[in-house]
Amino acid sequence: MLPNLSSFTNIYARINLYLNGDISEASIVHDEQAHFDEIIAINKKLVEELDTTNTIAVRTAKYTFSDSASLEFSESHKHSSIQVADILAGMAMRYVQEKIEGVRSKPEIANAYDSILRMSNPYRGVGVNLVTTAKVHYELHF
């Protein structure tokens, strides 16, 4: 399974929650993934068509879609938003790796990571979507 695929569908459902289902005006710009763009686009469509009649509701995401957001793929050097996301993802990845290895993070990194967590509100669909092992989840006290 592609971890970025389940991450994308979760983030898409979180955006849907944040916008109270009025997602038609949203525009998603995804970093170009040469071999996976089509897979991500197809799964966006599949999650939009998902029959949620007999599924368990998730408080942190809304998987019932009445509209569709636009989706485009672009090279990161063409969009500053993708560059910022890459920087934040790299910082979070290094912080988590340091935690796993028992290495003390630089104060700037720990403060930045803590600031991102403080701005997060998973019940509104706002925050960072980290794909980690369950072990890391418990060690970082999410």
# chains A, B, ... in the order shown; residues from 1 in each chain; ligands from 1

$ select_by_dssp --residues "region 53-142 of chain A" --states "helix (DSSP H, G or I)" --output "MDAnalysis selection string"
chainID A and resid 76:78 80:101 107:119 122:124 134:139

$ write_last_selection --atoms "C-alpha atoms" --output "compact mmCIF listing (two decimals), in the first residue's frame"
# COMPACT_ATOMS: atom_id res chain seq x y z
CA SER A 76 7.48 21.67 -6.34
CA HIS A 77 9.71 24.44 -7.69
CA LYS A 78 6.63 26.01 -9.34
CA SER A 80 5.82 27.89 -2.91
CA SER A 81 3.04 26.07 -1.00
CA ILE A 82 4.51 22.71 -2.00
CA GLN A 83 7.98 23.92 -1.01
CA VAL A 84 6.71 24.97 2.43
CA ALA A 85 4.96 21.60 2.84
CA ASP A 86 8.22 19.84 1.90
CA ILE A 87 10.16 21.86 4.49
CA LEU A 88 7.61 21.12 7.22
CA ALA A 89 7.45 17.44 6.29
CA GLY A 90 11.25 17.18 6.33
CA MET A 91 11.44 18.89 9.71
CA ALA A 92 8.75 16.62 11.17
CA MET A 93 10.44 13.53 9.71
CA ARG A 94 13.81 14.47 11.23
CA TYR A 95 12.19 15.22 14.60
CA VAL A 96 10.41 11.86 14.67
CA GLN A 97 13.57 10.01 13.57
CA GLU A 98 15.53 11.71 16.34
CA LYS A 99 12.87 10.64 18.85
CA ILE A 100 13.04 7.05 17.61
CA GLU A 101 16.84 7.07 17.89
CA PRO A 107 15.52 23.45 20.48
CA GLU A 108 14.47 25.22 17.26
CA ILE A 109 13.22 21.94 15.77
CA ALA A 110 11.42 20.88 18.95
CA ASN A 111 9.80 24.33 19.27
CA ALA A 112 8.71 24.33 15.61
CA TYR A 113 7.26 20.84 15.97
CA ASP A 114 5.44 21.76 19.18
CA SER A 115 4.08 24.92 17.53
CA ILE A 116 2.61 22.88 14.69
CA LEU A 117 0.97 20.52 17.17
CA ARG A 118 -0.45 23.45 19.16
CA MET A 119 -2.07 24.84 15.98
CA PRO A 122 -7.99 17.17 14.52
CA TYR A 123 -11.70 17.50 15.29
CA ARG A 124 -11.88 20.43 12.88
CA ALA A 134 2.04 2.81 16.33
CA LYS A 135 5.18 2.72 18.51
CA VAL A 136 6.12 6.26 17.48
CA HIS A 137 2.54 7.38 18.01
CA TYR A 138 2.65 6.41 21.66
CA GLU A 139 6.20 7.60 22.25

$ residues_around --residues "Ala26 (chain A)" --least-positions-apart "5" --cutoff "10 Å" --atoms "only C-alpha atoms" --output "mmCIF file with C-alpha atoms, in the first residue's frame"
data_model
loop_
_atom_site.group_PDB
_atom_site.id
_atom_site.type_symbol
_atom_site.label_atom_id
_atom_site.label_comp_id
_atom_site.auth_asym_id
_atom_site.auth_seq_id
_atom_site.Cartn_x
_atom_site.Cartn_y
_atom_site.Cartn_z
ATOM 1 C CA ILE A 15 -10.456 19.268 4.247
ATOM 2 C CA ASN A 16 -14.048 18.200 3.586
ATOM 3 C CA LEU A 19 -15.180 23.131 4.903
ATOM 4 C CA ASP A 67 -18.981 17.973 -4.025
ATOM 5 C CA SER A 68 -15.498 17.631 -5.437
ATOM 6 C CA ALA A 69 -12.387 19.788 -5.058
ATOM 7 C CA SER A 70 -10.101 20.417 -8.004
ATOM 8 C CA LEU A 71 -6.826 18.503 -8.038
#

$ closest_residue --among "A:Tyr12, A:Lys106, A:Asn129, A:Ile23" --to "Leu46 (chain A)" --atoms "only C-alpha atoms"
A:Tyr12

$ atom_distance --atom1 "CA of Ile42 (chain A)" --atom2 "CA of Leu5 (chain A)"
10.3 Å

$ select_by_dssp --residues "region 29-90 of chain A" --states "strand (DSSP E)" --output "ChimeraX atom specification"
/A:29-31,70-74

$ atom_distance --atom1 "CA of Thr52 (chain A)" --atom2 "CA of Thr64 (chain A)"
6.4 Å

$ atom_distance --atom1 "CA of Ser27 (chain A)" --atom2 "CA of Thr60 (chain A)"
20.4 Å

$ residues_around --residues "Leu17 (chain A)" --least-positions-apart "6" --cutoff "7 Å" --atoms "only C-alpha atoms" --output "PyMOL selection string"
chain A and resi 61-62+124-125

$ write_last_selection --atoms "C-alpha atoms" --output "PDB file, in the first residue's frame"
ATOM      1  CA  ALA A  61     -12.611  13.552   8.913  1.00  0.00           C
ATOM      2  CA  LYS A  62     -15.725  13.658   6.750  1.00  0.00           C
ATOM      3  CA  ARG A 124     -11.879  20.430  12.885  1.00  0.00           C
ATOM      4  CA  GLY A 125      -9.677  18.694  10.303  1.00  0.00           C
TER       5      GLY A 125
END
